[in-house]
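Structure below is start16.pdb: PDB, C-alpha atoms and all ligand atoms.
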```pdb
ATOM      1  CA  PRO Z  22      -4.923  20.058  -3.375  1.00  0.00           C
ATOM      2  CA  ARG Z  23      -2.401  17.602  -4.789  1.00  0.00           C
ATOM      3  CA  VAL Z  24      -1.370  14.239  -3.394  1.00  0.00           C
ATOM      4  CA  ARG Z  25       1.971  15.712  -2.230  1.00  0.00           C
ATOM      5  CA  ASP Z  26       0.104  18.067   0.114  1.00  0.00           C
ATOM      6  CA  ILE Z  27      -1.429  15.304   2.225  1.00  0.00           C
ATOM      7  CA  MET Z  28       0.575  12.106   1.576  1.00  0.00           C
ATOM      8  CA  ASN Z  29       2.460  10.371   4.338  1.00  0.00           C
ATOM      9  CA  ARG Z  30       6.204  10.451   3.622  1.00  0.00           C
ATOM     10  CA  GLN Z  31       7.137   7.909   6.295  1.00  0.00           C
ATOM     11  CA  VAL Z  32       6.635   4.734   4.310  1.00  0.00           C
ATOM     12  CA  ILE Z  33       7.140   1.311   5.835  1.00  0.00           C
ATOM     13  CA  SER Z  34       7.828  -1.236   3.105  1.00  0.00           C
ATOM     14  CA  VAL Z  35       8.966  -4.817   2.626  1.00  0.00           C
ATOM     15  CA  THR Z  36      10.954  -6.605  -0.104  1.00  0.00           C
ATOM     16  CA  GLU Z  37       9.502  -9.358  -2.257  1.00  0.00           C
ATOM     17  CA  ASP Z  38      11.942 -12.044  -1.086  1.00  0.00           C
ATOM     18  CA  GLU Z  39      11.270 -11.570   2.616  1.00  0.00           C
ATOM     19  CA  GLU Z  40       9.198 -14.098   4.532  1.00  0.00           C
ATOM     20  CA  ILE Z  41       5.540 -13.429   5.117  1.00  0.00           C
ATOM     21  CA  GLN Z  42       6.261 -13.403   8.864  1.00  0.00           C
ATOM     22  CA  VAL Z  43       8.520 -10.390   8.470  1.00  0.00           C
ATOM     23  CA  ALA Z  44       5.748  -8.521   6.703  1.00  0.00           C
ATOM     24  CA  ALA Z  45       3.221  -9.557   9.354  1.00  0.00           C
ATOM     25  CA  LYS Z  46       5.478  -8.256  12.136  1.00  0.00           C
ATOM     26  CA  ARG Z  47       5.940  -4.976  10.311  1.00  0.00           C
ATOM     27  CA  LEU Z  48       2.186  -4.585   9.898  1.00  0.00           C
ATOM     28  CA  LEU Z  49       1.648  -5.292  13.583  1.00  0.00           C
ATOM     29  CA  ARG Z  50       4.282  -2.820  14.676  1.00  0.00           C
ATOM     30  CA  GLY Z  51       3.553   0.044  12.285  1.00  0.00           C
ATOM     31  CA  GLU Z  52       0.630   2.377  12.047  1.00  0.00           C
ATOM     32  CA  THR Z  53      -0.224   1.025   8.628  1.00  0.00           C
ATOM     33  CA  ASN Z  54      -2.294  -1.695   7.046  1.00  0.00           C
ATOM     34  CA  HIS Z  55      -0.504  -1.413   3.697  1.00  0.00           C
ATOM     35  CA  LEU Z  56       3.059  -2.408   2.875  1.00  0.00           C
ATOM     36  CA  PRO Z  57       4.421  -1.467  -0.535  1.00  0.00           C
ATOM     37  CA  VAL Z  58       6.614  -4.327  -1.805  1.00  0.00           C
ATOM     38  CA  LEU Z  59       9.970  -3.438  -3.377  1.00  0.00           C
ATOM     39  CA  ASP Z  60      12.369  -5.464  -5.498  1.00  0.00           C
ATOM     40  CA  GLY Z  61      16.133  -5.486  -4.953  1.00  0.00           C
ATOM     41  CA  ASN Z  62      16.468  -2.175  -6.789  1.00  0.00           C
ATOM     42  CA  GLY Z  63      13.942  -0.393  -4.602  1.00  0.00           C
ATOM     43  CA  THR Z  64      11.293  -0.374  -7.333  1.00  0.00           C
ATOM     44  CA  LEU Z  65       7.631  -0.912  -6.482  1.00  0.00           C
ATOM     45  CA  VAL Z  66       6.516  -4.409  -7.560  1.00  0.00           C
ATOM     46  CA  GLY Z  67       3.520  -5.130  -5.321  1.00  0.00           C
ATOM     47  CA  ILE Z  68       1.524  -4.378  -2.210  1.00  0.00           C
ATOM     48  CA  ILE Z  69       0.374  -6.484   0.722  1.00  0.00           C
ATOM     49  CA  THR Z  70      -2.129  -5.946   3.503  1.00  0.00           C
ATOM     50  CA  THR Z  71      -3.439  -7.937   6.446  1.00  0.00           C
ATOM     51  CA  TYR Z  72      -6.022  -9.330   4.022  1.00  0.00           C
ATOM     52  CA  ASP Z  73      -3.271 -11.064   2.032  1.00  0.00           C
ATOM     53  CA  ILE Z  74      -1.588 -12.378   5.183  1.00  0.00           C
ATOM     54  CA  SER Z  75      -4.895 -13.879   6.291  1.00  0.00           C
ATOM     55  CA  LYS Z  76      -5.173 -15.667   2.972  1.00  0.00           C
ATOM     56  CA  ALA Z  77      -1.655 -17.027   3.428  1.00  0.00           C
ATOM     57  CA  VAL Z  78      -2.569 -18.364   6.873  1.00  0.00           C
ATOM     58  CA  VAL Z  79      -5.464 -20.408   5.499  1.00  0.00           C
ATOM     59  CA  SER Z  80      -3.307 -21.788   2.673  1.00  0.00           C
ATOM     60  CA  ASP Z  81      -1.687 -24.383   5.013  1.00  0.00           C
ATOM     61  CA  GLY Z  82       1.888 -23.189   4.698  1.00  0.00           C
ATOM     62  CA  ARG Z  83       2.429 -23.478   0.952  1.00  0.00           C
ATOM     63  CA  LEU Z  84       2.983 -19.763   0.614  1.00  0.00           C
ATOM     64  CA  ARG Z  85       6.119 -18.582   2.324  1.00  0.00           C
ATOM     65  CA  LEU Z  86       7.404 -15.386   0.768  1.00  0.00           C
ATOM     66  CA  VAL Z  87       5.976 -11.933   0.273  1.00  0.00           C
ATOM     67  CA  LYS Z  88       6.111 -12.408  -3.505  1.00  0.00           C
ATOM     68  CA  ASP Z  89       3.862 -15.484  -3.197  1.00  0.00           C
ATOM     69  CA  ILE Z  90       0.975 -13.473  -1.796  1.00  0.00           C
ATOM     70  CA  MET Z  91       1.417  -9.850  -2.857  1.00  0.00           C
ATOM     71  CA  THR Z  92      -0.947  -8.090  -5.235  1.00  0.00           C
ATOM     72  CA  ARG Z  93       1.152  -7.394  -8.327  1.00  0.00           C
ATOM     73  CA  GLU Z  94      -1.091  -4.949 -10.103  1.00  0.00           C
ATOM     74  CA  VAL Z  95      -0.630  -1.992  -7.830  1.00  0.00           C
ATOM     75  CA  ILE Z  96      -2.996   0.926  -8.139  1.00  0.00           C
ATOM     76  CA  LYS Z  97      -0.844   3.947  -7.409  1.00  0.00           C
ATOM     77  CA  THR Z  98      -0.664   7.690  -7.599  1.00  0.00           C
ATOM     78  CA  SER Z  99       1.948  10.418  -8.039  1.00  0.00           C
ATOM     79  CA  PRO Z 100       2.801  13.499  -5.972  1.00  0.00           C
ATOM     80  CA  ASP Z 101       1.331  15.790  -8.626  1.00  0.00           C
ATOM     81  CA  GLU Z 102      -1.971  13.995  -9.030  1.00  0.00           C
ATOM     82  CA  SER Z 103      -5.050  15.795  -7.763  1.00  0.00           C
ATOM     83  CA  VAL Z 104      -6.480  14.469  -4.524  1.00  0.00           C
ATOM     84  CA  ASP Z 105      -9.877  14.122  -6.224  1.00  0.00           C
ATOM     85  CA  ILE Z 106      -8.523  11.640  -8.759  1.00  0.00           C
ATOM     86  CA  ALA Z 107      -6.695   9.687  -6.065  1.00  0.00           C
ATOM     87  CA  ALA Z 108      -9.875   9.502  -3.988  1.00  0.00           C
ATOM     88  CA  GLN Z 109     -11.749   8.101  -6.990  1.00  0.00           C
ATOM     89  CA  LYS Z 110      -9.111   5.400  -7.432  1.00  0.00           C
ATOM     90  CA  LEU Z 111      -9.639   4.298  -3.840  1.00  0.00           C
ATOM     91  CA  GLU Z 112     -13.391   4.223  -4.189  1.00  0.00           C
ATOM     92  CA  HIS Z 113     -13.568   2.484  -7.570  1.00  0.00           C
ATOM     93  CA  ASN Z 114     -11.157  -0.243  -6.537  1.00  0.00           C
ATOM     94  CA  ASN Z 115     -12.424  -0.832  -3.014  1.00  0.00           C
ATOM     95  CA  ILE Z 116      -9.032  -0.183  -1.455  1.00  0.00           C
ATOM     96  CA  SER Z 117      -7.899   2.210   1.271  1.00  0.00           C
ATOM     97  CA  ALA Z 118      -4.380   3.305   0.305  1.00  0.00           C
ATOM     98  CA  LEU Z 119      -2.280   4.143  -2.736  1.00  0.00           C
ATOM     99  CA  PRO Z 120       1.521   4.078  -2.879  1.00  0.00           C
ATOM    100  CA  VAL Z 121       2.831   7.392  -4.226  1.00  0.00           C
ATOM    101  CA  VAL Z 122       5.583   6.859  -6.809  1.00  0.00           C
ATOM    102  CA  ASP Z 123       7.957   9.101  -8.736  1.00  0.00           C
ATOM    103  CA  ALA Z 124       8.686   8.809 -12.472  1.00  0.00           C
ATOM    104  CA  THR Z 125      11.055   5.866 -11.876  1.00  0.00           C
ATOM    105  CA  ASN Z 126       8.508   3.875  -9.840  1.00  0.00           C
ATOM    106  CA  ARG Z 127      10.199   4.537  -6.494  1.00  0.00           C
ATOM    107  CA  VAL Z 128       7.893   4.945  -3.531  1.00  0.00           C
ATOM    108  CA  VAL Z 129       7.988   8.486  -2.146  1.00  0.00           C
ATOM    109  CA  GLY Z 130       4.905   8.307   0.033  1.00  0.00           C
ATOM    110  CA  ILE Z 131       1.629   6.611   0.779  1.00  0.00           C
ATOM    111  CA  LEU Z 132      -1.830   8.126   0.588  1.00  0.00           C
ATOM    112  CA  SER Z 133      -4.535   6.546   2.707  1.00  0.00           C
ATOM    113  CA  ALA Z 134      -8.217   7.153   3.171  1.00  0.00           C
ATOM    114  CA  ILE Z 135      -7.281   8.496   6.602  1.00  0.00           C
ATOM    115  CA  ASP Z 136      -5.108  11.206   5.010  1.00  0.00           C
ATOM    116  CA  LEU Z 137      -8.023  12.147   2.762  1.00  0.00           C
ATOM    117  CA  GLY Z 138     -10.290  12.369   5.774  1.00  0.00           C
ATOM    118  CA  LYS Z 139      -8.030  15.033   7.249  1.00  0.00           C
ATOM    119  CA  LEU Z 140      -9.008  17.336   4.386  1.00  0.00           C
ATOM    120  CA  PHE Z 141     -12.560  17.383   5.639  1.00  0.00           C
ATOM    121  CA  GLY Z 142     -13.705  18.080   9.174  1.00  0.00           C
ATOM    122  CA  GLY Z 143     -11.371  17.753  12.096  1.00  0.00           C
ATOM    123  CA  ARG Z 144      -8.152  19.685  11.730  1.00  0.00           C
ATOM    124  CA  ARG Z 145      -8.406  23.253  10.640  1.00  0.00           C
TER
HETATM  125  N1  LIG W 201     -10.687  -7.258  -3.131  1.00  0.00           N
HETATM  126  C1  LIG W 201     -11.330  -7.787  -1.950  1.00  0.00           C
HETATM  127  C2  LIG W 201     -12.789  -7.513  -1.966  1.00  0.00           C
HETATM  128  O1  LIG W 201     -13.238  -6.673  -2.772  1.00  0.00           O
HETATM  129  O2  LIG W 201     -13.522  -8.124  -1.188  1.00  0.00           O
HETATM  130  C3  LIG W 201     -10.664  -7.287  -0.681  1.00  0.00           C
HETATM  131  C4  LIG W 201     -10.623  -5.831  -0.524  1.00  0.00           C
HETATM  132  S1  LIG W 201      -9.123  -5.081  -0.858  1.00  0.00           S
HETATM  133  C5  LIG W 201      -9.179  -3.958   0.441  1.00  0.00           C
HETATM  134  C6  LIG W 201      -7.839  -6.168  -0.348  1.00  0.00           C
HETATM  135  C7  LIG W 201      -6.883  -6.456  -1.455  1.00  0.00           C
HETATM  136  O3  LIG W 201      -6.548  -5.265  -2.096  1.00  0.00           O
HETATM  137  C8  LIG W 201      -5.601  -7.064  -0.958  1.00  0.00           C
HETATM  138  O4  LIG W 201      -5.333  -8.231  -1.687  1.00  0.00           O
HETATM  139  C9  LIG W 201      -4.541  -6.007  -1.211  1.00  0.00           C
HETATM  140  O5  LIG W 201      -3.295  -6.556  -1.599  1.00  0.00           O
HETATM  141  C10 LIG W 201      -5.158  -5.232  -2.330  1.00  0.00           C
HETATM  142  N2  LIG W 201      -4.762  -3.826  -2.384  1.00  0.00           N
HETATM  143  C11 LIG W 201      -4.757  -2.921  -1.392  1.00  0.00           C
HETATM  144  N3  LIG W 201      -4.298  -1.728  -1.815  1.00  0.00           N
HETATM  145  C12 LIG W 201      -4.025  -1.886  -3.133  1.00  0.00           C
HETATM  146  C13 LIG W 201      -3.517  -1.005  -4.150  1.00  0.00           C
HETATM  147  N4  LIG W 201      -3.221   0.275  -3.911  1.00  0.00           N
HETATM  148  N5  LIG W 201      -3.340  -1.515  -5.396  1.00  0.00           N
HETATM  149  C14 LIG W 201      -3.642  -2.811  -5.661  1.00  0.00           C
HETATM  150  N6  LIG W 201      -4.133  -3.675  -4.757  1.00  0.00           N
HETATM  151  C15 LIG W 201      -4.310  -3.211  -3.504  1.00  0.00           C
END
```

Would you write out, as structure tokens, the structure that this file holds?
Amino acid sequence: PRVRDIMNRQVISVTEDEEIQVAAKRLLRGETNHLPVLDGNGTLVGIITTYDISKAVVSDGRLRLVKDIMTREVIKTSPDESVDIAAQKLEHNNISALPVVDATNRVVGILSAIDLGKLFGGRR
């Protein structure tokens, strides 16, 4: 199977100039632990997780915006990539989700370890 067959198309994201609090609220509300970060043009420029928010909390208030704490080197995938390759990216980088981008670096989905799990056991 390809990434497009199992990716989640309902992506919750945040923009780089929003406050960390906005991102934290979105993480608390949504069913996700990963927020792709977009710039003003809707292009993927980073990713943040609860891990990054925790780091911000212990930084005694110096870090205020999403762009101050996001991971800028995003490991990502595309709709046409094979699920096997995507799974290897997760494993090798010790992460649990990959934004799915099109050729212009716009986010069209998110692929998480949970989505991969659905391929095995469980739903048939
Ligand atoms: N790297 C740490 C370690 O090995 O102990 C933490 C584990 S990793 C799950 C957490 C970090 O990975 C966060 O800073 C988050 O922004 C980053 N991260 C999560 N998904 C990512 C992705 N697809 N591409 C790049 N970084 C990602």

Counting all atoms listed in the file, name the residues that have an atom within 8 Å of an atom of ligand LIG 201 (chain W); the answer should be given as a ChimeraX atom specification. /Z:55,67-73,91-97,111,114-120

Which residues are close to Arg25 of chain Z, i.e. within 8 Å by all atoms listed in the file, leaving aside same-chain residues fewer than 5 positions away? Reply as a VMD selection string. chain Z and resid 99 to 101

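Note that atom CA of Thr36 of chain Z and atom CA of Val24 of chain Z are 24.4 Å apart.
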
Using all atoms listed in the file, determine which residues lie at most 7 Å from Arg127 of chain Z, disregarding the query and same-chain residues fewer than 3 positions distant; provide the list as a ChimeraX atom specification. /Z:63-65,122-123

Taking all atoms listed in the file into account, name the residue in Z:Val43, Z:Val58, Z:Leu84, Z:Ala107 that is nearest to Arg23 of chain Z. Z:Ala107

As an exercise, work out the distance from atom CA of Glu102 of chain Z to atom CA of Val35 of chain Z in Å and give it to one decimal place.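 Result for atom CA of Glu102 of chain Z versus atom CA of Val35 of chain Z: 24.7 Å, one decimal.
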
Run the PyMOL selection byres (((chain Z and resi 140) around 12) and not hetatm) mentally over the shown coordinates, then write out the matched residues as JSON, numbers by chain, using the chain letters and numbers from the document. {"Z": [22, 23, 24, 26, 27, 28, 104, 105, 108, 133, 134, 135, 136, 137, 138, 139, 141, 142, 143, 144, 145]}

Please report the interatomic distance between atom CA of Glu39 of chain Z and atom CA of Ser75 of chain Z in Å with one decimal.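 One can read the atom CA of Glu39 of chain Z to atom CA of Ser75 of chain Z distance as 16.7 Å.
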
Please define a box with edges along x, y and z of the file around all atoms of segment 36-47 of chain Z given in the file, extend it by 5 Å on each side, and return its centre and edge lengths in Å to one decimal, as AutoDock Vina command-line options.
```
--center_x 7.6 --center_y -9.5 --center_z 4.9 --size_x 18.7 --size_y 19.1 --size_z 24.4
```

Quick one: residues within 6 Å of (-0.5, -15.6, 2.5) (file frame), counting only C-alpha atoms, please, as number ranges by chain. Z: 73-74, 76-78, 84, 90

Would you mind telling me which residue in Z:Leu56, Z:Leu49, Z:Leu132, Z:Val79 lies nearest to Ser34 of chain Z when using all atoms listed in the file? Z:Leu56

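Matched in the shown structure by the PyMOL selection byres (((chain Z and resi 41) around 8) and not hetatm): Glu39, Glu40, Gln42, Val43, Ala44, Ala45, Ile74, Arg85, Leu86 and Val87 of chain Z.
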
For the residues selected in the previous step, produce a file with C-alpha atoms as an mmCIF file, keeping the file's coordinate frame.
```cif
data_model
loop_
_atom_site.group_PDB
_atom_site.id
_atom_site.type_symbol
_atom_site.label_atom_id
_atom_site.label_comp_id
_atom_site.auth_asym_id
_atom_site.auth_seq_id
_atom_site.Cartn_x
_atom_site.Cartn_y
_atom_site.Cartn_z
ATOM 1 C CA GLU Z 39 11.270 -11.570 2.616
ATOM 2 C CA GLU Z 40 9.198 -14.098 4.532
ATOM 3 C CA GLN Z 42 6.261 -13.403 8.864
ATOM 4 C CA VAL Z 43 8.520 -10.390 8.470
ATOM 5 C CA ALA Z 44 5.748 -8.521 6.703
ATOM 6 C CA ALA Z 45 3.221 -9.557 9.354
ATOM 7 C CA ILE Z 74 -1.588 -12.378 5.183
ATOM 8 C CA ARG Z 85 6.119 -18.582 2.324
ATOM 9 C CA LEU Z 86 7.404 -15.386 0.768
ATOM 10 C CA VAL Z 87 5.976 -11.933 0.273
#
```

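Nearest-residue note for Asn29 of chain Z: choosing from Z:Gly82, Z:Gly51, Z:Asn126, Z:Val121, the minimum distance belongs to Z:Val121, counting all atoms listed in the file.
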
Some atoms are missing, so please complete segment 47-70 of chain Z with N, CA and C atoms and return it as a JSON list (two decimals), in the coordinates of the input.
```
[["chain", "number", "residue", "atom", "x", "y", "z"],
["Z", 47, "ARG", "N", 5.87, -6.40, 10.65],
["Z", 47, "ARG", "CA", 5.94, -4.98, 10.31],
["Z", 47, "ARG", "C", 4.54, -4.35, 10.33],
["Z", 48, "LEU", "N", 3.56, -5.10, 9.88],
["Z", 48, "LEU", "CA", 2.19, -4.58, 9.90],
["Z", 48, "LEU", "C", 1.70, -4.42, 11.33],
["Z", 49, "LEU", "N", 2.09, -5.35, 12.19],
["Z", 49, "LEU", "CA", 1.65, -5.29, 13.58],
["Z", 49, "LEU", "C", 2.30, -4.13, 14.32],
["Z", 50, "ARG", "N", 3.54, -3.87, 13.98],
["Z", 50, "ARG", "CA", 4.28, -2.82, 14.68],
["Z", 50, "ARG", "C", 3.90, -1.42, 14.20],
["Z", 51, "GLY", "N", 3.75, -1.28, 12.88],
["Z", 51, "GLY", "CA", 3.55, 0.04, 12.28],
["Z", 51, "GLY", "C", 2.14, 0.55, 12.43],
["Z", 52, "GLU", "N", 1.95, 1.76, 11.99],
["Z", 52, "GLU", "CA", 0.63, 2.38, 12.05],
["Z", 52, "GLU", "C", -0.07, 2.20, 10.72],
["Z", 53, "THR", "N", 0.32, 1.16, 9.98],
["Z", 53, "THR", "CA", -0.22, 1.02, 8.63],
["Z", 53, "THR", "C", -0.83, -0.35, 8.42],
["Z", 54, "ASN", "N", -1.74, -0.42, 7.46],
["Z", 54, "ASN", "CA", -2.29, -1.70, 7.05],
["Z", 54, "ASN", "C", -1.83, -2.04, 5.62],
["Z", 55, "HIS", "N", -0.95, -1.21, 5.07],
["Z", 55, "HIS", "CA", -0.50, -1.41, 3.70],
["Z", 55, "HIS", "C", 1.02, -1.36, 3.62],
["Z", 56, "LEU", "N", 1.62, -2.41, 3.08],
["Z", 56, "LEU", "CA", 3.06, -2.41, 2.88],
["Z", 56, "LEU", "C", 3.36, -2.45, 1.38],
["Z", 57, "PRO", "N", 3.92, -1.38, 0.84],
["Z", 57, "PRO", "CA", 4.42, -1.47, -0.54],
["Z", 57, "PRO", "C", 5.54, -2.51, -0.58],
["Z", 58, "VAL", "N", 5.59, -3.29, -1.66],
["Z", 58, "VAL", "CA", 6.61, -4.33, -1.80],
["Z", 58, "VAL", "C", 7.62, -3.86, -2.86],
["Z", 59, "LEU", "N", 8.91, -3.90, -2.49],
["Z", 59, "LEU", "CA", 9.97, -3.44, -3.38],
["Z", 59, "LEU", "C", 10.81, -4.61, -3.86],
["Z", 60, "ASP", "N", 11.39, -4.48, -5.06],
["Z", 60, "ASP", "CA", 12.37, -5.46, -5.50],
["Z", 60, "ASP", "C", 13.76, -5.04, -5.02],
["Z", 61, "GLY", "N", 14.78, -5.77, -5.42],
["Z", 61, "GLY", "CA", 16.13, -5.49, -4.95],
["Z", 61, "GLY", "C", 16.64, -4.10, -5.34],
["Z", 62, "ASN", "N", 16.05, -3.50, -6.35],
["Z", 62, "ASN", "CA", 16.47, -2.17, -6.79],
["Z", 62, "ASN", "C", 15.67, -1.05, -6.13],
["Z", 63, "GLY", "N", 14.75, -1.42, -5.25],
["Z", 63, "GLY", "CA", 13.94, -0.39, -4.60],
["Z", 63, "GLY", "C", 12.75, 0.06, -5.43],
["Z", 64, "THR", "N", 12.43, -0.71, -6.47],
["Z", 64, "THR", "CA", 11.29, -0.37, -7.33],
["Z", 64, "THR", "C", 10.03, -1.06, -6.82],
["Z", 65, "LEU", "N", 8.90, -0.36, -6.94],
["Z", 65, "LEU", "CA", 7.63, -0.91, -6.48],
["Z", 65, "LEU", "C", 7.19, -2.07, -7.38],
["Z", 66, "VAL", "N", 6.96, -3.25, -6.78],
["Z", 66, "VAL", "CA", 6.52, -4.41, -7.56],
["Z", 66, "VAL", "C", 5.22, -5.03, -7.02],
["Z", 67, "GLY", "N", 4.75, -4.55, -5.86],
["Z", 67, "GLY", "CA", 3.52, -5.13, -5.32],
["Z", 67, "GLY", "C", 3.08, -4.41, -4.07],
["Z", 68, "ILE", "N", 2.00, -4.94, -3.48],
["Z", 68, "ILE", "CA", 1.52, -4.38, -2.21],
["Z", 68, "ILE", "C", 0.92, -5.52, -1.41],
["Z", 69, "ILE", "N", 1.08, -5.50, -0.09],
["Z", 69, "ILE", "CA", 0.37, -6.48, 0.72],
["Z", 69, "ILE", "C", -0.28, -5.82, 1.93],
["Z", 70, "THR", "N", -1.36, -6.44, 2.37],
["Z", 70, "THR", "CA", -2.13, -5.95, 3.50],
["Z", 70, "THR", "C", -2.44, -7.13, 4.43]]
```
